[in-house]
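A.B. asks: Please see the structure below; I have some questions.
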Amino acid sequence: MNLGALLARRALLGRDAELAALRTLHAPGGPLVAVVHGVAGTGKSALLRAFAAEHAAGATVVDGRAIEPTPQGFLAAAGEDPGLLVIDTFERLRLLDDWLRHTYFPSLPAYTRIAIATRDKPGAVWRATFGEYLQVIALGPLAPADAHAVLELCGLDPQEAAEVNRFVHGHPLSLQLAASARREHPDAVIPTVTQELAALYLDGLDAPTRAALDHACVLRRVTRSLLPDGYDLLQDLPFVELTPEGLVIHDAVREAVSALLKATDPVRHRAVRAAAWQRIRAEMPYGGWASVADMIALVEEPLVREAFFPTAIQHYAVEAARPSDRDAILAIVARHHPGVTTALIADWWDAVPEAFRVARSPRGIVVAFTVQCDLKVVPQGLFMRDPLCQAWREHLRAHPVPKGQRVLAARLALAHGTGSAPSPCFSALLRDVERASLQTGLVRRIYSAQGGEALDAQLEPLGYLPIPGGATVCDLGPESVPGWLSELAARDLHVARTALDADARELTLEGRTIALTKLECAVLRYLQDREGQVVPRAALLRDVWGYEWDGGANAVDVAISGLRRKLDERARALETVRGVGFRLNSL
């Protein structure tokens, strides 16, 4: 038996009933959607991929770890009209929950069937949406005979297999770790939880591999560029998977190793995260969603992690408000802000109804709502009637954003029972604001209203600051969401920031000092002041060289070329925009 067949056999041992349940997707009158759920390490991915392999010609596999959680990202991965759509690691795609259930899935051909792997049992909104067309398959531990067979395939004799399984109780990942640990430590007592099994296995690793694993476990995924000295050392570890994005450490092991390092050596843990931050930051302008997701994994602020990668089961459907929702929305406002505010929100509904989104219970009842839109679509008359809009406008006039960068308005968010206090349905609305920031282009700023002492204190670490007029503002910076996330991740890491000292003509970049000529310093400062914008060549000649300059436009190219040489691996941050000029992205 070759290695591939051995691994496939091991992965599916004891899963005949679950595989048979998945096959009912293709039976006459069978379900349209099957959801396989179970705790980390139970073999969900292996089961679904084996099922997909049975339908190789018509199956499309989408890995939730590898795509941007936006409709565009999902459509690019899923392709057109799949016969069998397999979605793995679905918990990473919860920002798309509403869009998938109400827009994408209904748009698929009648012959398409959907199989999903996720950690949690589907919430009530899924049962309400699909009813009898939803098949839910719980994946638990293996039966003793199957667990023994897995351990014997891993190289243990029957007596060892029985002894090991008395401790791990059939948990598939624990079986694999226990078998590996037992081979390395024949006399060791096998502990009962995955984290302790991982620690026991790790004790047998050589120092370079263990150091590489420590670095890898603060990362979302491992590529050669993110971990050049450790990539090859990790490939053969039993809990490492090769994916299109790179190496992925199994979540249970990654979390255990990172927590152990943080508890036993917090200084080194911070240094490892700082080194990861530097590498990810260097790749962010060119890495797309993958680099953004890498940076999110370094952010320790729970609200941010939960916003982009929710862990809570979605019990509320967040969707665009329907015309019939008007009275329910205004009733929620009247319950918490009667009088003037209720009248203003009614004006918002009449002027921009498309700005309203609601959280709906499984029975279809509106339990919370939010008002969010691009600031420029708010009509002038509404601006004049709403004092909060006037506060936003005054701030925007005093602090304008560069052309091409968008400004969002989040006028109000309220839940029926709790108002603006934290609650599950209110959290669903906050996640929806993050969804909007990902899907609406280059967002520079988000304006909102002060939500009370508790909510304002909760949002302050995310960059929401009070401004006159009872309003708040979150300025994401010239790089929008990626730059904002970078700043949040860097707060406790003491990383060396980029700094230009115009007087000394020195650029500090990732801990190194770069000497600049007077002209290079002037050009760099001019571009930094307009970071993210395209600067015409003529503007550089006029404002840096001066109106009297008659030496030709080639001088700009010479100065830019010199800067790129000195920026070394960060040279790509200084882009040439053909036919126009230059643009400096964040260094």
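Each chain of the structure tokens is named A, B, ... in the order shown, its residues numbered from 1; ligands are numbered from 1 in display order.
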Quick one: everything within 9 Å of Thr24 in chain A, counting only C-alpha atoms, minus sequence neighbours fewer than 6 positions away in the same chain. Send it as a ChimeraX atom specification.
C.D. replies: /A:30-31,135
A.B. asks: Selection from above, N, CA and C atoms, as a PDB file, in the first residue's frame, can you write it?
C.D. replies:
ATOM      1  N   GLY A  30     -33.154  13.467  -1.694  1.00  0.00           N
ATOM      2  CA  GLY A  30     -32.225  13.671  -0.588  1.00  0.00           C
ATOM      3  C   GLY A  30     -32.034  15.144  -0.261  1.00  0.00           C
ATOM      4  N   PRO A  31     -31.196  15.451   0.742  1.00  0.00           N
ATOM      5  CA  PRO A  31     -30.964  16.842   1.147  1.00  0.00           C
ATOM      6  C   PRO A  31     -30.213  17.620   0.062  1.00  0.00           C
ATOM      7  N   GLN A 135     -29.071  18.380   5.934  1.00  0.00           N
ATOM      8  CA  GLN A 135     -28.601  17.170   6.605  1.00  0.00           C
ATOM      9  C   GLN A 135     -27.475  17.565   7.555  1.00  0.00           C
TER      10      GLN A 135
END
A.B. asks: Just the residues within 10 Å of Glu160 in chain A, please, counting only C-alpha atoms, with nothing from its chain fewer than 2 positions along; format it as number ranges by chain.
C.D. replies: A: 148, 151-152, 155-158, 162-165, 179, 182, 186
A.B. asks: From a backbone DSSP assignment, name each residue in range 218-417 of chain A labelled strand (DSSP E), as a ChimeraX atom specification.
C.D. replies: /A:240-243,246-249,317-320,356-360,366-374,406-415
A.B. asks: Suppose we keep N, CA and C atoms; can you now write the selection as a short mmCIF file (atom, residue, chain, number, x, y, z; two decimals), in the first residue's frame?
C.D. replies:
data_model
loop_
_atom_site.label_atom_id
_atom_site.label_comp_id
_atom_site.auth_asym_id
_atom_site.auth_seq_id
_atom_site.Cartn_x
_atom_site.Cartn_y
_atom_site.Cartn_z
N VAL A 240 0.86 19.02 10.38
CA VAL A 240 1.07 20.09 9.40
C VAL A 240 0.49 19.67 8.06
N GLU A 241 -0.31 20.56 7.46
CA GLU A 241 -0.95 20.27 6.19
C GLU A 241 -0.43 21.23 5.13
N LEU A 242 -0.12 20.70 3.95
CA LEU A 242 0.28 21.54 2.83
C LEU A 242 -0.98 21.98 2.08
N THR A 243 -1.20 23.30 2.00
CA THR A 243 -2.36 23.85 1.31
C THR A 243 -1.88 24.78 0.20
N GLY A 246 0.21 27.56 1.55
CA GLY A 246 1.41 27.26 2.31
C GLY A 246 1.12 26.17 3.33
N LEU A 247 2.00 26.07 4.33
CA LEU A 247 1.80 25.08 5.38
C LEU A 247 0.84 25.63 6.43
N VAL A 248 -0.06 24.78 6.90
CA VAL A 248 -1.02 25.17 7.95
C VAL A 248 -0.86 24.21 9.11
N ILE A 249 -0.58 24.76 10.28
CA ILE A 249 -0.50 23.96 11.51
C ILE A 249 -1.92 23.71 12.01
N ALA A 317 -29.87 36.14 11.32
CA ALA A 317 -29.59 36.43 9.92
C ALA A 317 -29.46 37.94 9.76
N VAL A 318 -28.30 38.40 9.30
CA VAL A 318 -28.09 39.83 9.06
C VAL A 318 -28.25 40.07 7.57
N GLU A 319 -29.16 40.95 7.21
CA GLU A 319 -29.47 41.13 5.80
C GLU A 319 -30.01 42.54 5.56
N ALA A 320 -30.14 42.92 4.29
CA ALA A 320 -30.72 44.21 3.94
C ALA A 320 -32.17 44.27 4.41
N PHE A 356 -30.18 50.62 5.53
CA PHE A 356 -30.63 49.87 6.71
C PHE A 356 -30.37 48.38 6.52
N ARG A 357 -29.79 47.77 7.55
CA ARG A 357 -29.61 46.32 7.60
C ARG A 357 -30.15 45.83 8.94
N VAL A 358 -30.70 44.64 8.94
CA VAL A 358 -31.36 44.13 10.14
C VAL A 358 -30.78 42.79 10.54
N ALA A 359 -30.86 42.50 11.85
CA ALA A 359 -30.61 41.16 12.37
C ALA A 359 -31.97 40.55 12.63
N ARG A 360 -32.20 39.39 12.01
CA ARG A 360 -33.52 38.78 12.05
C ARG A 360 -33.44 37.45 12.80
N VAL A 366 -37.47 41.12 13.32
CA VAL A 366 -36.35 42.05 13.40
C VAL A 366 -36.01 42.30 14.86
N VAL A 367 -34.80 41.89 15.27
CA VAL A 367 -34.40 42.06 16.67
C VAL A 367 -33.34 43.14 16.84
N ALA A 368 -32.76 43.60 15.75
CA ALA A 368 -31.76 44.67 15.81
C ALA A 368 -31.59 45.24 14.41
N PHE A 369 -31.01 46.43 14.33
CA PHE A 369 -30.78 47.02 13.02
C PHE A 369 -29.58 47.95 13.09
N THR A 370 -29.05 48.27 11.92
CA THR A 370 -27.99 49.26 11.82
C THR A 370 -28.25 50.11 10.59
N VAL A 371 -27.75 51.35 10.63
CA VAL A 371 -27.84 52.25 9.48
C VAL A 371 -26.41 52.57 9.08
N GLN A 372 -26.00 52.16 7.88
CA GLN A 372 -24.63 52.39 7.42
C GLN A 372 -24.63 52.57 5.92
N CYS A 373 -23.84 53.53 5.46
CA CYS A 373 -23.77 53.79 4.02
C CYS A 373 -22.55 54.67 3.75
N ASP A 374 -22.28 54.89 2.49
CA ASP A 374 -21.25 55.84 2.09
C ASP A 374 -21.76 57.24 2.41
N ARG A 406 -12.75 56.50 0.55
CA ARG A 406 -14.16 56.57 0.91
C ARG A 406 -14.36 56.84 2.39
N VAL A 407 -15.51 57.41 2.69
CA VAL A 407 -15.90 57.69 4.07
C VAL A 407 -17.25 57.02 4.30
N LEU A 408 -17.33 56.18 5.35
CA LEU A 408 -18.58 55.50 5.69
C LEU A 408 -19.25 56.20 6.86
N ALA A 409 -20.57 56.15 6.87
CA ALA A 409 -21.36 56.67 7.99
C ALA A 409 -22.10 55.51 8.63
N ALA A 410 -21.92 55.33 9.92
CA ALA A 410 -22.66 54.32 10.68
C ALA A 410 -23.54 55.10 11.66
N ARG A 411 -24.74 55.46 11.22
CA ARG A 411 -25.58 56.43 11.95
C ARG A 411 -26.07 55.88 13.29
N LEU A 412 -26.50 54.61 13.31
CA LEU A 412 -27.07 54.07 14.55
C LEU A 412 -27.12 52.56 14.47
N ALA A 413 -26.93 51.91 15.61
CA ALA A 413 -27.11 50.47 15.71
C ALA A 413 -27.79 50.19 17.04
N LEU A 414 -28.91 49.49 16.99
CA LEU A 414 -29.68 49.21 18.21
C LEU A 414 -30.26 47.81 18.16
N ALA A 415 -30.30 47.17 19.32
CA ALA A 415 -31.00 45.90 19.47
C ALA A 415 -32.27 46.14 20.29
#
A.B. asks: Can you tell me how far CA of Val35 in chain A sits from CA of Pro122 in chain A, in Å to one decimal?
C.D. replies: 7.4 Å
A.B. asks: Using only C-alpha atoms, which of the listed residues (A:His215, A:Arg445, A:Arg119, A:Arg491) sits closest to Gly43 in chain A?
C.D. replies: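 Under the stated criterion, the closest residue is A:Arg119.
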A.B. asks: Could you tell me, as a count of residues only, which residues of range 315-551 of chain A DSSP assigns to helix (DSSP H, G or I) when given the backbone?
C.D. replies: 107
A.B. asks: For Ser174 in chain A, which residue out of A:Gly41, A:Pro302, A:Pro106, A:Gly123 is the nearest one, using only C-alpha atoms?
C.D. replies: A:Gly41
A.B. asks: Using only C-alpha atoms, determine which residues lie at most 7 Å from Leu85 in chain A, disregarding the query and same-chain residues fewer than 2 positions distant; provide the list as a PDB file with N, CA and C atoms, in the first residue's frame.
C.D. replies:
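The resulting selection-v4.pdb:
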ATOM      1  N   ALA A  59     -16.767  18.041  -8.664  1.00  0.00           N
ATOM      2  CA  ALA A  59     -16.640  18.607  -7.322  1.00  0.00           C
ATOM      3  C   ALA A  59     -15.706  19.819  -7.317  1.00  0.00           C
ATOM      4  N   THR A  60     -16.119  20.848  -6.588  1.00  0.00           N
ATOM      5  CA  THR A  60     -15.288  22.030  -6.358  1.00  0.00           C
ATOM      6  C   THR A  60     -15.094  22.168  -4.859  1.00  0.00           C
ATOM      7  N   VAL A  61     -13.828  22.245  -4.429  1.00  0.00           N
ATOM      8  CA  VAL A  61     -13.521  22.375  -3.003  1.00  0.00           C
ATOM      9  C   VAL A  61     -13.056  23.793  -2.722  1.00  0.00           C
ATOM     10  N   PRO A  82     -20.932  24.624  -9.943  1.00  0.00           N
ATOM     11  CA  PRO A  82     -20.358  23.327  -9.547  1.00  0.00           C
ATOM     12  C   PRO A  82     -21.454  22.281  -9.357  1.00  0.00           C
ATOM     13  N   GLY A  83     -21.136  21.021  -9.662  1.00  0.00           N
ATOM     14  CA  GLY A  83     -22.089  19.944  -9.411  1.00  0.00           C
ATOM     15  C   GLY A  83     -22.130  19.611  -7.935  1.00  0.00           C
ATOM     16  N   ILE A  87     -17.325  22.980   0.967  1.00  0.00           N
ATOM     17  CA  ILE A  87     -16.769  24.155   1.652  1.00  0.00           C
ATOM     18  C   ILE A  87     -16.135  23.682   2.953  1.00  0.00           C
ATOM     19  N   ARG A 113     -25.272  20.242  -5.262  1.00  0.00           N
ATOM     20  CA  ARG A 113     -25.388  19.855  -3.864  1.00  0.00           C
ATOM     21  C   ARG A 113     -24.208  20.461  -3.103  1.00  0.00           C
ATOM     22  N   ILE A 114     -24.422  20.727  -1.823  1.00  0.00           N
ATOM     23  CA  ILE A 114     -23.438  21.467  -1.024  1.00  0.00           C
ATOM     24  C   ILE A 114     -23.078  20.656   0.211  1.00  0.00           C
ATOM     25  N   ALA A 115     -21.777  20.473   0.439  1.00  0.00           N
ATOM     26  CA  ALA A 115     -21.285  19.786   1.641  1.00  0.00           C
ATOM     27  C   ALA A 115     -20.345  20.726   2.374  1.00  0.00           C
TER      28      ALA A 115
END
A.B. asks: For a quick check of understanding, using only C-alpha atoms, which of A:Ala449, A:Leu233, A:Leu516, A:Ala27 has the smallest distance to Thr341 in chain A?
C.D. replies: A:Ala449
A.B. asks: Give me, as a tab-separated table, each residue of range 13-75 of chain A that comes within 9 Å of range 288-293 of chain A, together with its shortest interatomic pair and the distance in Å at one decimal, counting only C-alpha atoms, with rows ordered by chain and rising residue number.
C.D. replies:
residue	atom	partner	partner_atom	distance
A:Arg65	CA	A:Ala293	CA	8.9
A:Ala66	CA	A:Ala290	CA	7.0
A:Ile67	CA	A:Trp289	CA	7.2
A:Glu68	CA	A:Trp289	CA	5.4
A:Pro69	CA	A:Trp289	CA	8.7
A:Gly73	CA	A:Trp289	CA	8.8
A.B. asks: For the selection you just gave me, I'd like the residues written to a file as a PDB file, in the first residue's frame, keeping C-alpha atoms.
C.D. replies:
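See out_11.pdb below for the written result:
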ATOM      1  CA  ARG A  65      -8.814  29.449   5.292  1.00  0.00           C
ATOM      2  CA  ALA A  66      -7.556  30.450   1.860  1.00  0.00           C
ATOM      3  CA  ILE A  67     -10.065  32.957   0.500  1.00  0.00           C
ATOM      4  CA  GLU A  68     -11.133  36.503   1.226  1.00  0.00           C
ATOM      5  CA  PRO A  69     -14.477  36.407   3.097  1.00  0.00           C
ATOM      6  CA  GLY A  73     -13.424  36.141  -3.044  1.00  0.00           C
TER       7      GLY A  73
END
A.B. asks: Identify, on the basis of only C-alpha atoms, every residue whose closest approach to Ile345 in chain A does not exceed 9 Å; exclude the query and any residue fewer than 2 positions from it along the same chain; express the result as an MDAnalysis selection string.
C.D. replies: chainID A and resid 329:330 333 340:343 347:350 371 411:412
A.B. asks: Which is closer to His171 in chain A than all the others in A:Leu442, A:Ile296, A:Val222, A:Val39, using only C-alpha atoms?
C.D. replies: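 Smallest distance to His171 in chain A is found for A:Val39.
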A.B. asks: For a quick check of understanding, using only C-alpha atoms, which of A:Leu260, A:Ala46, A:Ala282, A:Ile514 has the smallest distance to Met295 in chain A?
C.D. replies: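 Result for the nearest residue to Met295 in chain A: A:Ala282.
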A.B. asks: So that I can check the surroundings of Asp120 in chain A, please list as a list of chain:residue names every protein, DNA and RNA residue that reaches within 8 Å of it, counting only C-alpha atoms and ignoring chain neighbours fewer than 5 positions away.
C.D. replies: A:His37, A:Gly38, A:Val39, A:Glu91, A:Ile313
A.B. asks: Quick one: residues within 10 Å of Leu382 in chain A, only C-alpha atoms counted, chain neighbours fewer than 2 positions away excluded, as a PDB file with C-alpha atoms, in the first residue's frame?
C.D. replies:
ATOM      1  CA  LEU A 344     -34.581  61.456  12.415  1.00  0.00           C
ATOM      2  CA  ASP A 347     -36.117  60.607   7.800  1.00  0.00           C
ATOM      3  CA  TRP A 348     -33.128  58.356   7.126  1.00  0.00           C
ATOM      4  CA  ASP A 350     -37.330  57.829   3.691  1.00  0.00           C
ATOM      5  CA  ALA A 351     -34.089  59.211   2.202  1.00  0.00           C
ATOM      6  CA  VAL A 352     -31.738  56.192   2.088  1.00  0.00           C
ATOM      7  CA  VAL A 378     -26.676  61.056   2.268  1.00  0.00           C
ATOM      8  CA  PRO A 379     -28.890  63.774   0.738  1.00  0.00           C
ATOM      9  CA  GLN A 380     -28.143  67.386   1.530  1.00  0.00           C
ATOM     10  CA  MET A 384     -29.148  69.754   7.359  1.00  0.00           C
ATOM     11  CA  ARG A 385     -31.799  68.101   9.571  1.00  0.00           C
ATOM     12  CA  ASP A 386     -29.537  65.679  11.433  1.00  0.00           C
ATOM     13  CA  PRO A 387     -27.131  67.349  13.924  1.00  0.00           C
ATOM     14  CA  CYS A 389     -24.374  64.617  10.127  1.00  0.00           C
ATOM     15  CA  GLN A 390     -23.376  68.231  10.654  1.00  0.00           C
TER      16      GLN A 390
END
